[in-house]
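As provided, coords17.cif (mmCIF, C-alpha atoms) reads as follows.
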```cif
data_protein
#
loop_
_atom_site.group_PDB
_atom_site.id
_atom_site.type_symbol
_atom_site.label_atom_id
_atom_site.label_comp_id
_atom_site.auth_asym_id
_atom_site.auth_seq_id
_atom_site.Cartn_x
_atom_site.Cartn_y
_atom_site.Cartn_z
ATOM 1 C CA MET A 24 -43.166 82.652 -75.285
ATOM 2 C CA ASP A 25 -42.037 79.030 -75.652
ATOM 3 C CA ASN A 26 -40.681 77.139 -72.692
ATOM 4 C CA PRO A 27 -36.948 76.658 -73.185
ATOM 5 C CA GLU A 28 -36.230 72.913 -73.325
ATOM 6 C CA VAL A 29 -32.988 71.595 -71.901
ATOM 7 C CA ASP A 30 -31.163 69.124 -74.118
ATOM 8 C CA MET A 31 -30.867 65.975 -72.020
ATOM 9 C CA THR A 32 -28.761 63.965 -74.458
ATOM 10 C CA PRO A 33 -25.266 64.686 -73.019
ATOM 11 C CA MET A 34 -26.447 63.962 -69.486
ATOM 12 C CA ILE A 35 -28.027 60.656 -70.493
ATOM 13 C CA ASP A 36 -24.834 59.759 -72.346
ATOM 14 C CA CYS A 37 -22.774 60.404 -69.209
ATOM 15 C CA VAL A 38 -25.142 58.501 -66.959
ATOM 16 C CA PHE A 39 -25.122 55.475 -69.264
ATOM 17 C CA GLN A 40 -21.337 55.553 -69.301
ATOM 18 C CA LEU A 41 -21.330 55.571 -65.503
ATOM 19 C CA ILE A 42 -23.813 52.703 -65.308
ATOM 20 C CA THR A 43 -21.742 50.639 -67.725
ATOM 21 C CA PHE A 44 -18.639 51.303 -65.619
ATOM 22 C CA PHE A 45 -20.313 50.253 -62.380
ATOM 23 C CA MET A 46 -21.825 47.171 -64.012
ATOM 24 C CA LEU A 47 -18.410 46.061 -65.210
ATOM 25 C CA VAL A 48 -16.526 46.571 -61.966
ATOM 26 C CA ILE A 49 -19.210 45.184 -59.680
ATOM 27 C CA ASN A 50 -18.390 41.960 -57.918
ATOM 28 C CA PHE A 51 -21.395 40.045 -56.678
ATOM 29 C CA GLU A 52 -19.319 37.279 -55.174
ATOM 30 C CA SER A 53 -19.153 37.369 -51.446
ATOM 31 C CA THR A 54 -15.457 37.500 -50.718
ATOM 32 C CA SER A 55 -15.789 36.516 -47.034
ATOM 33 C CA ALA A 56 -12.894 38.855 -46.351
ATOM 34 C CA ASP A 57 -12.797 40.556 -42.971
ATOM 35 C CA GLU A 58 -11.570 44.151 -42.943
ATOM 36 C CA ARG A 59 -9.782 43.660 -39.624
ATOM 37 C CA VAL A 60 -7.333 41.271 -41.268
ATOM 38 C CA LYS A 61 -4.404 43.058 -42.918
ATOM 39 C CA LEU A 62 -2.709 40.521 -45.140
ATOM 40 C CA PRO A 63 1.046 40.642 -45.742
ATOM 41 C CA GLU A 64 2.204 41.379 -49.286
ATOM 42 C CA SER A 65 4.015 39.021 -51.609
ATOM 43 C CA GLU A 66 5.190 39.351 -55.211
ATOM 44 C CA ILE A 67 4.975 35.610 -55.735
ATOM 45 C CA ALA A 68 1.458 34.956 -54.421
ATOM 46 C CA LYS A 69 -0.910 34.406 -57.319
ATOM 47 C CA PRO A 70 -4.569 33.427 -57.365
ATOM 48 C CA PRO A 71 -5.216 29.802 -58.398
ATOM 49 C CA LYS A 72 -5.548 29.328 -62.173
ATOM 50 C CA VAL A 73 -8.561 27.065 -61.796
ATOM 51 C CA LYS A 74 -11.332 28.205 -59.513
ATOM 52 C CA ARG A 75 -11.693 25.893 -56.554
ATOM 53 C CA GLU A 76 -14.967 24.077 -56.246
ATOM 54 C CA ASP A 77 -15.116 23.975 -52.514
ATOM 55 C CA GLU A 78 -13.374 26.203 -50.066
ATOM 56 C CA VAL A 79 -13.720 27.521 -46.553
ATOM 57 C CA VAL A 80 -12.351 30.982 -45.799
ATOM 58 C CA ILE A 81 -11.019 31.547 -42.306
ATOM 59 C CA ASN A 82 -10.123 35.049 -41.163
ATOM 60 C CA ILE A 83 -7.752 35.186 -38.223
ATOM 61 C CA GLY A 84 -6.515 38.387 -36.648
ATOM 62 C CA PHE A 85 -6.855 40.815 -33.787
ATOM 63 C CA ILE A 86 -9.380 43.304 -32.511
ATOM 64 C CA ARG A 87 -7.609 46.645 -32.486
ATOM 65 C CA LYS A 88 -8.153 49.995 -30.802
ATOM 66 C CA HIS A 89 -8.256 53.199 -32.858
ATOM 67 C CA ASP A 90 -4.514 53.693 -32.400
ATOM 68 C CA GLY A 91 -3.833 50.176 -33.709
ATOM 69 C CA THR A 92 -2.952 48.464 -30.425
ATOM 70 C CA LYS A 93 -4.265 44.956 -30.079
ATOM 71 C CA ARG A 94 -6.884 44.245 -27.415
ATOM 72 C CA ASN A 95 -8.856 41.347 -26.031
ATOM 73 C CA PRO A 96 -12.656 41.294 -26.422
ATOM 74 C CA ASP A 97 -12.944 42.424 -22.751
ATOM 75 C CA GLY A 98 -10.813 45.510 -23.481
ATOM 76 C CA SER A 99 -7.583 44.391 -21.759
ATOM 77 C CA THR A 100 -4.341 44.678 -23.688
ATOM 78 C CA ASP A 101 -2.286 41.967 -21.937
ATOM 79 C CA ASN A 102 -1.573 38.617 -23.595
ATOM 80 C CA VAL A 103 -3.722 39.330 -26.625
ATOM 81 C CA ASP A 104 -4.558 36.136 -28.475
ATOM 82 C CA PRO A 105 -5.663 36.096 -32.102
ATOM 83 C CA LEU A 106 -9.315 35.432 -32.852
ATOM 84 C CA VAL A 107 -11.093 33.748 -35.733
ATOM 85 C CA PHE A 108 -13.656 36.093 -37.288
ATOM 86 C CA LEU A 109 -16.473 33.875 -38.466
ATOM 87 C CA ASN A 110 -19.968 35.033 -39.492
ATOM 88 C CA GLY A 111 -19.826 38.082 -37.245
ATOM 89 C CA GLU A 112 -18.528 36.169 -34.245
ATOM 90 C CA ASP A 113 -15.067 36.393 -32.723
ATOM 91 C CA ILE A 114 -13.939 32.914 -31.704
ATOM 92 C CA PRO A 115 -10.669 31.922 -29.970
ATOM 93 C CA VAL A 116 -8.667 29.422 -32.051
ATOM 94 C CA GLY A 117 -9.021 26.711 -29.383
ATOM 95 C CA ALA A 118 -12.830 26.894 -29.540
ATOM 96 C CA MET A 119 -13.050 26.246 -33.292
ATOM 97 C CA THR A 120 -13.539 22.448 -33.164
ATOM 98 C CA PRO A 121 -17.383 22.529 -32.842
ATOM 99 C CA ARG A 122 -17.552 24.913 -35.834
ATOM 100 C CA ILE A 123 -15.294 22.718 -37.937
ATOM 101 C CA LYS A 124 -17.381 19.652 -37.033
ATOM 102 C CA LYS A 125 -20.568 21.496 -38.028
ATOM 103 C CA ASP A 126 -19.037 22.415 -41.406
ATOM 104 C CA LEU A 127 -17.912 18.843 -41.863
ATOM 105 C CA GLN A 128 -21.397 17.453 -41.138
ATOM 106 C CA LEU A 129 -22.832 19.762 -43.776
ATOM 107 C CA TYR A 130 -20.151 18.691 -46.269
ATOM 108 C CA LYS A 131 -20.848 15.010 -45.628
ATOM 109 C CA LEU A 132 -24.563 15.538 -46.196
ATOM 110 C CA GLN A 133 -23.826 17.198 -49.535
ATOM 111 C CA HIS A 134 -21.093 14.757 -50.593
ATOM 112 C CA PRO A 135 -21.908 11.396 -49.005
ATOM 113 C CA GLY A 136 -19.045 8.881 -48.958
ATOM 114 C CA GLU A 137 -16.514 11.240 -50.522
ATOM 115 C CA ALA A 138 -13.137 12.265 -49.149
ATOM 116 C CA ILE A 139 -12.854 15.912 -48.168
ATOM 117 C CA LYS A 140 -11.727 18.046 -51.078
ATOM 118 C CA THR A 141 -12.391 21.350 -49.377
ATOM 119 C CA VAL A 142 -9.503 23.794 -49.361
ATOM 120 C CA VAL A 143 -9.153 25.741 -46.125
ATOM 121 C CA LYS A 144 -8.134 29.256 -47.132
ATOM 122 C CA ILE A 145 -6.442 31.005 -44.258
ATOM 123 C CA ARG A 146 -6.466 34.793 -44.271
ATOM 124 C CA ALA A 147 -4.220 35.716 -41.373
ATOM 125 C CA ASP A 148 -3.281 39.183 -40.175
ATOM 126 C CA SER A 149 0.401 40.093 -40.685
ATOM 127 C CA GLU A 150 1.025 40.038 -36.936
ATOM 128 C CA THR A 151 -0.710 36.743 -36.183
ATOM 129 C CA PRO A 152 1.683 34.321 -34.475
ATOM 130 C CA ILE A 153 2.279 31.422 -36.856
ATOM 131 C CA GLY A 154 1.747 29.024 -33.929
ATOM 132 C CA ALA A 155 -1.925 30.040 -33.801
ATOM 133 C CA VAL A 156 -2.263 29.419 -37.553
ATOM 134 C CA GLN A 157 -0.622 26.022 -37.123
ATOM 135 C CA GLU A 158 -2.984 25.209 -34.235
ATOM 136 C CA LEU A 159 -5.905 26.025 -36.504
ATOM 137 C CA ILE A 160 -4.465 23.834 -39.286
ATOM 138 C CA LYS A 161 -4.077 21.023 -36.737
ATOM 139 C CA LEU A 162 -7.716 21.302 -35.652
ATOM 140 C CA TYR A 163 -8.789 21.004 -39.304
ATOM 141 C CA GLN A 164 -6.394 18.090 -39.842
ATOM 142 C CA GLU A 165 -7.983 16.269 -36.906
ATOM 143 C CA GLN A 166 -11.270 16.430 -38.844
ATOM 144 C CA LYS A 167 -9.498 14.984 -41.950
ATOM 145 C CA TYR A 168 -9.027 18.213 -43.907
ATOM 146 C CA GLU A 169 -5.799 18.039 -45.944
ATOM 147 C CA LYS A 170 -5.596 21.016 -48.245
ATOM 148 C CA PHE A 171 -4.706 24.441 -46.972
ATOM 149 C CA ALA A 172 -3.870 27.729 -48.633
ATOM 150 C CA LEU A 173 -2.221 30.716 -47.008
ATOM 151 C CA GLN A 174 -3.444 34.012 -48.379
ATOM 152 C CA ALA A 175 -1.294 37.040 -49.146
ATOM 153 C CA MET A 176 -1.913 40.313 -50.903
ATOM 154 C CA GLU A 177 -0.516 40.566 -54.421
ATOM 155 C CA ALA A 178 2.253 43.165 -54.268
ATOM 156 C CA GLU A 179 2.618 45.854 -56.903
ATOM 157 C CA GLN A 180 5.283 44.912 -59.411
ATOM 158 C CA ASP A 181 7.235 47.524 -61.285
ATOM 159 C CA MET B 18 -63.070 63.863 -98.110
ATOM 160 C CA VAL B 19 -59.443 63.237 -97.373
ATOM 161 C CA GLU B 20 -58.066 65.063 -94.387
ATOM 162 C CA ARG B 21 -54.719 66.543 -95.126
ATOM 163 C CA ARG B 22 -52.177 67.256 -92.433
ATOM 164 C CA THR B 23 -50.240 70.324 -93.226
ATOM 165 C CA GLU B 24 -47.683 70.155 -90.390
ATOM 166 C CA LEU B 25 -46.345 66.849 -89.184
ATOM 167 C CA ALA B 26 -45.112 67.420 -85.620
ATOM 168 C CA ILE B 27 -42.317 65.135 -84.424
ATOM 169 C CA PRO B 28 -43.522 63.638 -81.155
ATOM 170 C CA LYS B 29 -41.049 64.266 -78.349
ATOM 171 C CA PRO B 30 -40.906 61.386 -75.948
ATOM 172 C CA ASP B 31 -41.058 62.199 -72.267
ATOM 173 C CA MET B 32 -37.624 61.293 -70.902
ATOM 174 C CA THR B 33 -38.413 61.736 -67.206
ATOM 175 C CA PRO B 34 -39.317 58.091 -66.345
ATOM 176 C CA MET B 35 -36.243 56.782 -68.152
ATOM 177 C CA ILE B 36 -33.940 59.186 -66.378
ATOM 178 C CA ASP B 37 -35.550 58.221 -63.072
ATOM 179 C CA CYS B 38 -34.894 54.546 -63.754
ATOM 180 C CA VAL B 39 -31.360 55.155 -64.920
ATOM 181 C CA PHE B 40 -30.517 57.150 -61.806
ATOM 182 C CA GLN B 41 -31.986 54.418 -59.627
ATOM 183 C CA LEU B 42 -29.802 51.879 -61.386
ATOM 184 C CA MET B 43 -26.742 54.047 -61.020
ATOM 185 C CA ILE B 44 -27.294 54.531 -57.295
ATOM 186 C CA PHE B 45 -27.782 50.764 -56.874
ATOM 187 C CA PHE B 46 -24.506 49.950 -58.625
ATOM 188 C CA MET B 47 -22.656 52.677 -56.743
ATOM 189 C CA LEU B 48 -23.826 51.391 -53.367
ATOM 190 C CA THR B 49 -23.178 47.718 -54.069
ATOM 191 C CA LEU B 50 -19.717 48.378 -55.462
ATOM 192 C CA LYS B 51 -17.041 46.818 -53.305
ATOM 193 C CA ILE B 52 -13.460 47.303 -54.324
ATOM 194 C CA VAL B 53 -11.626 44.066 -53.689
ATOM 195 C CA SER B 54 -7.857 44.032 -53.710
ATOM 196 C CA ALA B 55 -6.213 41.177 -55.536
ATOM 197 C CA GLU B 56 -5.162 38.297 -53.323
ATOM 198 C CA GLY B 57 -2.901 35.394 -54.061
ATOM 199 C CA ASN B 58 -2.240 32.217 -52.186
ATOM 200 C CA PHE B 59 0.338 29.600 -51.333
ATOM 201 C CA ASP B 60 -0.865 26.025 -51.254
ATOM 202 C CA ILE B 61 0.187 24.070 -48.223
ATOM 203 C CA ASN B 62 -0.297 20.337 -48.387
ATOM 204 C CA MET B 63 -0.649 18.813 -44.962
ATOM 205 C CA PRO B 64 -1.836 15.199 -45.270
ATOM 206 C CA ILE B 65 -2.968 13.632 -42.037
ATOM 207 C CA GLY B 66 -0.167 12.117 -39.989
ATOM 208 C CA GLN B 67 2.562 13.577 -42.135
ATOM 209 C CA SER B 68 4.009 15.799 -39.450
ATOM 210 C CA SER B 69 4.096 13.028 -36.868
ATOM 211 C CA GLY B 70 5.141 10.174 -39.161
ATOM 212 C CA THR B 71 8.628 8.985 -39.994
ATOM 213 C CA PRO B 72 10.324 11.035 -42.707
ATOM 214 C CA ASP B 73 10.196 9.643 -46.215
ATOM 215 C CA PRO B 74 13.793 8.718 -47.171
ATOM 216 C CA LEU B 75 13.131 9.450 -50.872
ATOM 217 C CA ALA B 76 11.793 12.932 -50.294
ATOM 218 C CA GLN B 77 14.365 15.665 -50.504
ATOM 219 C CA ASP B 78 13.421 17.869 -47.584
ATOM 220 C CA LEU B 79 14.941 21.291 -47.233
ATOM 221 C CA LYS B 80 14.659 22.500 -43.695
ATOM 222 C CA VAL B 81 14.177 26.185 -43.003
ATOM 223 C CA ARG B 82 14.270 27.142 -39.355
ATOM 224 C CA LEU B 83 12.851 30.536 -38.388
ATOM 225 C CA LYS B 84 13.657 31.800 -34.929
ATOM 226 C CA ALA B 85 11.654 34.565 -33.301
ATOM 227 C CA ASP B 86 11.863 36.767 -30.224
ATOM 228 C CA VAL B 87 9.030 37.155 -27.687
ATOM 229 C CA ASN B 88 7.440 39.944 -29.732
ATOM 230 C CA GLY B 89 7.229 37.762 -32.825
ATOM 231 C CA ASN B 90 10.003 39.472 -34.766
ATOM 232 C CA LEU B 91 12.418 37.398 -36.776
ATOM 233 C CA VAL B 92 15.785 36.751 -35.088
ATOM 234 C CA ASN B 93 17.416 34.333 -37.486
ATOM 235 C CA ILE B 94 16.787 32.209 -40.562
ATOM 236 C CA GLN B 95 18.608 28.924 -40.722
ATOM 237 C CA PHE B 96 18.744 26.973 -43.963
ATOM 238 C CA GLY B 97 19.911 23.456 -43.146
ATOM 239 C CA SER B 98 22.827 24.214 -40.865
ATOM 240 C CA ARG B 99 23.644 27.637 -42.353
ATOM 241 C CA SER B 100 22.641 30.766 -40.520
ATOM 242 C CA LEU B 101 21.434 33.523 -42.871
ATOM 243 C CA GLY B 102 20.496 36.421 -40.583
ATOM 244 C CA ASN B 103 17.175 38.220 -40.204
ATOM 245 C CA ASP B 104 17.022 41.086 -42.701
ATOM 246 C CA GLU B 105 15.912 41.435 -46.324
ATOM 247 C CA ARG B 106 19.304 40.109 -47.430
ATOM 248 C CA ALA B 107 18.658 36.913 -45.484
ATOM 249 C CA PHE B 108 15.501 36.259 -47.512
ATOM 250 C CA ALA B 109 17.414 36.995 -50.742
ATOM 251 C CA GLN B 110 20.091 34.567 -49.613
ATOM 252 C CA LEU B 111 17.465 31.965 -48.750
ATOM 253 C CA ASN B 112 16.118 32.395 -52.274
ATOM 254 C CA GLU B 113 19.601 31.784 -53.719
ATOM 255 C CA GLU B 114 20.200 28.777 -51.481
ATOM 256 C CA VAL B 115 16.916 27.197 -52.548
ATOM 257 C CA LEU B 116 17.810 27.758 -56.215
ATOM 258 C CA ARG B 117 21.212 26.156 -55.618
ATOM 259 C CA SER B 118 19.642 23.170 -53.860
ATOM 260 C CA ILE B 119 17.466 22.413 -56.900
ATOM 261 C CA GLY B 120 20.550 22.424 -59.102
ATOM 262 C CA GLY B 121 20.000 25.955 -60.393
ATOM 263 C CA GLN B 122 17.240 24.723 -62.677
ATOM 264 C CA PRO B 123 13.767 26.012 -61.903
ATOM 265 C CA GLY B 124 11.208 23.493 -63.157
ATOM 266 C CA GLY B 125 13.832 20.734 -63.349
ATOM 267 C CA PRO B 126 13.425 17.235 -61.855
ATOM 268 C CA ALA B 127 15.112 18.253 -58.585
ATOM 269 C CA ALA B 128 12.624 21.083 -58.145
ATOM 270 C CA LYS B 129 9.667 18.737 -58.603
ATOM 271 C CA ASP B 130 10.786 16.289 -55.902
ATOM 272 C CA ALA B 131 12.020 18.833 -53.401
ATOM 273 C CA GLU B 132 9.926 19.885 -50.466
ATOM 274 C CA VAL B 133 10.515 22.687 -48.002
ATOM 275 C CA GLU B 134 9.764 22.183 -44.339
ATOM 276 C CA LEU B 135 9.247 25.376 -42.384
ATOM 277 C CA ASP B 136 10.041 25.110 -38.718
ATOM 278 C CA ALA B 137 9.047 28.364 -37.024
ATOM 279 C CA ASP B 138 8.747 29.532 -33.443
ATOM 280 C CA TYR B 139 5.194 29.934 -32.135
ATOM 281 C CA ASN B 140 5.364 33.728 -31.821
ATOM 282 C CA LEU B 141 6.753 34.466 -35.271
ATOM 283 C CA HIS B 142 4.542 36.857 -37.192
ATOM 284 C CA TYR B 143 2.672 35.476 -40.194
ATOM 285 C CA SER B 144 4.238 38.131 -42.457
ATOM 286 C CA TYR B 145 7.692 36.519 -42.033
ATOM 287 C CA ILE B 146 6.267 33.126 -42.947
ATOM 288 C CA VAL B 147 4.815 34.611 -46.132
ATOM 289 C CA LYS B 148 8.231 36.136 -46.918
ATOM 290 C CA ALA B 149 9.980 32.829 -46.275
ATOM 291 C CA ILE B 150 7.459 30.913 -48.403
ATOM 292 C CA SER B 151 7.888 33.520 -51.165
ATOM 293 C CA ALA B 152 11.673 33.098 -51.012
ATOM 294 C CA CYS B 153 11.359 29.303 -51.303
ATOM 295 C CA THR B 154 8.594 29.281 -53.930
ATOM 296 C CA GLY B 155 10.371 31.389 -56.501
ATOM 297 C CA ARG B 156 11.215 34.874 -57.602
ATOM 298 C CA PHE B 157 9.700 37.595 -59.717
ATOM 299 C CA ASP B 158 11.727 38.287 -62.838
ATOM 300 C CA LYS B 159 11.511 42.027 -63.468
ATOM 301 C CA ARG B 160 12.738 41.680 -67.036
ATOM 302 C CA THR B 161 10.194 39.165 -68.247
ATOM 303 C CA LYS B 162 7.550 40.167 -65.648
ATOM 304 C CA GLN B 163 7.033 36.489 -64.917
ATOM 305 C CA VAL B 164 7.242 34.492 -61.715
ATOM 306 C CA ILE B 165 9.941 31.836 -61.867
ATOM 307 C CA ARG B 166 8.892 28.906 -59.721
ATOM 308 C CA TYR B 167 11.413 27.014 -57.612
ATOM 309 C CA ILE B 168 9.704 24.707 -55.135
ATOM 310 C CA GLU B 169 5.939 24.366 -54.950
ATOM 311 C CA LYS B 170 5.707 21.896 -52.098
ATOM 312 C CA ILE B 171 5.706 23.580 -48.717
ATOM 313 C CA LYS B 172 4.895 22.017 -45.376
ATOM 314 C CA PHE B 173 5.135 22.920 -41.736
ATOM 315 C CA ALA B 174 7.082 21.121 -39.044
ATOM 316 C CA PRO B 175 4.969 20.137 -36.018
ATOM 317 C CA PRO B 176 3.889 23.295 -34.173
ATOM 318 C CA LYS B 177 6.035 24.532 -31.318
ATOM 319 C CA ALA B 178 4.582 24.987 -27.837
ATOM 320 C CA LYS B 179 3.417 28.500 -26.972
ATOM 321 C CA GLY B 180 6.163 30.539 -25.312
ATOM 322 C CA ALA B 181 8.856 28.009 -26.223
ATOM 323 C CA ASN B 182 10.933 30.453 -28.256
ATOM 324 C CA SER B 183 14.556 29.635 -28.609
#
```
As structure tokens:
Amino acid sequence: MDNPEVDMTPMIDCVFQLITFFMLVINFESTSADERVKLPESEIAKPPKVKREDEVVINIGFIRKHDGTKRNPDGSTDNVDPLVFLNGEDIPVGAMTPRIKKDLQLYKLQHPGEAIKTVVKIRADSETPIGAVQELIKLYQEQKYEKFALQAMEAEQD
Amino acid sequence: MVERRTELAIPKPDMTPMIDCVFQLMIFFMLTLKIVSAEGNFDINMPIGQSSGTPDPLAQDLKVRLKADVNGNLVNIQFGSRSLGNDERAFAQLNEEVLRSIGGQPGGPAAKDAEVELDADYNLHYSYIVKAISACTGRFDKRTKQVIRYIEKIKFAPPKAKGANS
């Protein structure tokens, strides 16, 4: 008796379809987005038409408990200040100057004698006090950064 | 003597290695897939010394004052000297006021020169700032599905001291 052979064609068809789908939707770009930051929504916010050459992404938000209450890194829930989430570290806004200077040094090595064209993209959590964002902008301004962009989630439009 | 083949068997390729590879590829793409939600941005131009310098007499600055309570919730929006309230209607009104201040012509010469200065309390939540910037920047036309731009230039007033809510 012959061995019954299964027809693999439909399965291979399906699998190729799936592969094509995943290949198309994949995004290799590192978005530098931190999941702890919940951006506010806006109908007007649109991504820039021309891709920016040089940008720094800054995530600013809070560490939260499971129930959503804000907490400090030591676990206390009083006077919770926002933190900058940078490369896996949680840094208070006031302690950002050394980081900004380090970034700036790197930029100057890559672009000697040029003015800073870097855009500082600020991804702030909805509940971040604007004063903290302004403090951060000020620290960047002190290092001669001039261009800033505030990020918001594109709202669904019906 | 010529050898004659009576039955020409069609060779069946072994599909197993290909299917193995294809499954490997599929698992790779599935694991590396990261769904990114679409984000937009508002450009804020803050040249050095602008906030501390003397105001430019030629620039047509529209001042929007946003007052907050200790919890960071919006208490009142003030456009120039007019008080607009703190609800959704206040933002709609702000949008109308901005349109009126540029002569009702989005994209006109008045809109190009105008600049909005946001003066917010320290505690005010970022979400209200985004709403205020949205109201000043333009509106979404549901009929044409296009964004109508009002004022593109947005800046911040010097930051307020922490806890100095009014």
Quiz item: Using all atoms listed in the file, which of A:Ile123, A:Ile139, A:Leu47, A:Ile67 sits nearest chain B?
Solution: A:Ile67
Practice problem: Using the chain letters and residue numbers of this document, give as a ChimeraX atom specification the residues selected by the PyMOL selection byres ((chain A) within 9 of (chain B)). | Solution: /A:31,35,38-39,41-42,45-46,48-51,54,62-71,144,147-158,160-161,164-165,167-178,180-181
Exercise. Apply the PyMOL selection byres ((chain A and resi 116) around 8) to the displayed file and report the matching residues as a PyMOL selection string.
Key: chain A and resi 105-107+114-115+117-119+155+158-159
Quiz prompt | Residue neighbourhood A:Gly111, 12 Å, only C-alpha atoms, exclusion window fewer than 3 positions, as a VMD selection string | solution = chain A and resid 55 to 59 82 106 to 108 114
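The gap separating atom CA of A:Gln166 from atom CA of A:Gln128 is 10.4 Å, in Å to one decimal.
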Can you spell out as a PDB file with C-alpha atoms, keeping the file's coordinate frame the set of residues that the PyMOL selection byres ((chain B and resi 115-127) around 9) selects in the structure I just provided?
```
ATOM      1  CA  GLN B  77      14.365  15.665 -50.504  1.00  0.00           C
ATOM      2  CA  LEU B  79      14.941  21.291 -47.233  1.00  0.00           C
ATOM      3  CA  PHE B  96      18.744  26.973 -43.963  1.00  0.00           C
ATOM      4  CA  GLN B 110      20.091  34.567 -49.613  1.00  0.00           C
ATOM      5  CA  LEU B 111      17.465  31.965 -48.750  1.00  0.00           C
ATOM      6  CA  ASN B 112      16.118  32.395 -52.274  1.00  0.00           C
ATOM      7  CA  GLU B 113      19.601  31.784 -53.719  1.00  0.00           C
ATOM      8  CA  GLU B 114      20.200  28.777 -51.481  1.00  0.00           C
ATOM      9  CA  ALA B 128      12.624  21.083 -58.145  1.00  0.00           C
ATOM     10  CA  LYS B 129       9.667  18.737 -58.603  1.00  0.00           C
ATOM     11  CA  ASP B 130      10.786  16.289 -55.902  1.00  0.00           C
ATOM     12  CA  ALA B 131      12.020  18.833 -53.401  1.00  0.00           C
ATOM     13  CA  ALA B 152      11.673  33.098 -51.012  1.00  0.00           C
ATOM     14  CA  CYS B 153      11.359  29.303 -51.303  1.00  0.00           C
ATOM     15  CA  THR B 154       8.594  29.281 -53.930  1.00  0.00           C
ATOM     16  CA  GLY B 155      10.371  31.389 -56.501  1.00  0.00           C
ATOM     17  CA  ILE B 165       9.941  31.836 -61.867  1.00  0.00           C
ATOM     18  CA  ARG B 166       8.892  28.906 -59.721  1.00  0.00           C
ATOM     19  CA  TYR B 167      11.413  27.014 -57.612  1.00  0.00           C
ATOM     20  CA  ILE B 168       9.704  24.707 -55.135  1.00  0.00           C
TER      21      ILE B 168
END
```
Quiz item: What gap, in Å, lies between atom CA of A:His89 and atom CA of A:Val60?
Solution: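 Straight-line distance from atom CA of A:His89 to atom CA of A:Val60 works out to 14.6 Å.
Counting from atom CA of A:Ile86, the distance to atom CA of A:Asp126 is 24.7 Å.
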Can you sort out the box for stretch 115-122 of chain A, edges along x, y and z, all listed atoms in, 4 Å on every side, with centre and edge lengths in Å to one decimal, as AutoDock Vina command-line options?
```
--center_x -13.1 --center_y 27.2 --center_z -32.6 --size_x 16.9 --size_y 17.5 --size_z 14.5
```
Practice problem: Determine the nearest neighbour of A:Lys125 from the options A:Tyr163, A:Gly84, A:Pro33, A:Lys93, counting only C-alpha atoms. | Solution: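 The closest residue to A:Lys125 is A:Tyr163.
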Self-check item: Spatial neighbours of B:Leu91, max dist 7 Å, all atoms listed in the file, sep filter under 6 positions, as a ChimeraX atom specification
Solution: /B:84-85,103,141
Writing out the chosen residues with C-alpha atoms as a compact mmCIF listing (two decimals), in the coordinates of the input:
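File written: result_26.txt
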```txt
# COMPACT_ATOMS: atom_id res chain seq x y z
CA LYS B 84 13.66 31.80 -34.93
CA ALA B 85 11.65 34.56 -33.30
CA ASN B 103 17.18 38.22 -40.20
CA LEU B 141 6.75 34.47 -35.27
```
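Using all atoms listed in the file for every distance, the candidate list B:Asp31, B:Glu132, B:Ala149, B:Cys38 yields B:Ala149 as the residue closest to B:Ile94.
Ranking B:Val87, B:Asp136, B:Lys170, B:Arg82 by their shortest atom-to-atom distance to B:Gly102, with only C-alpha atoms included, puts B:Arg82 first.
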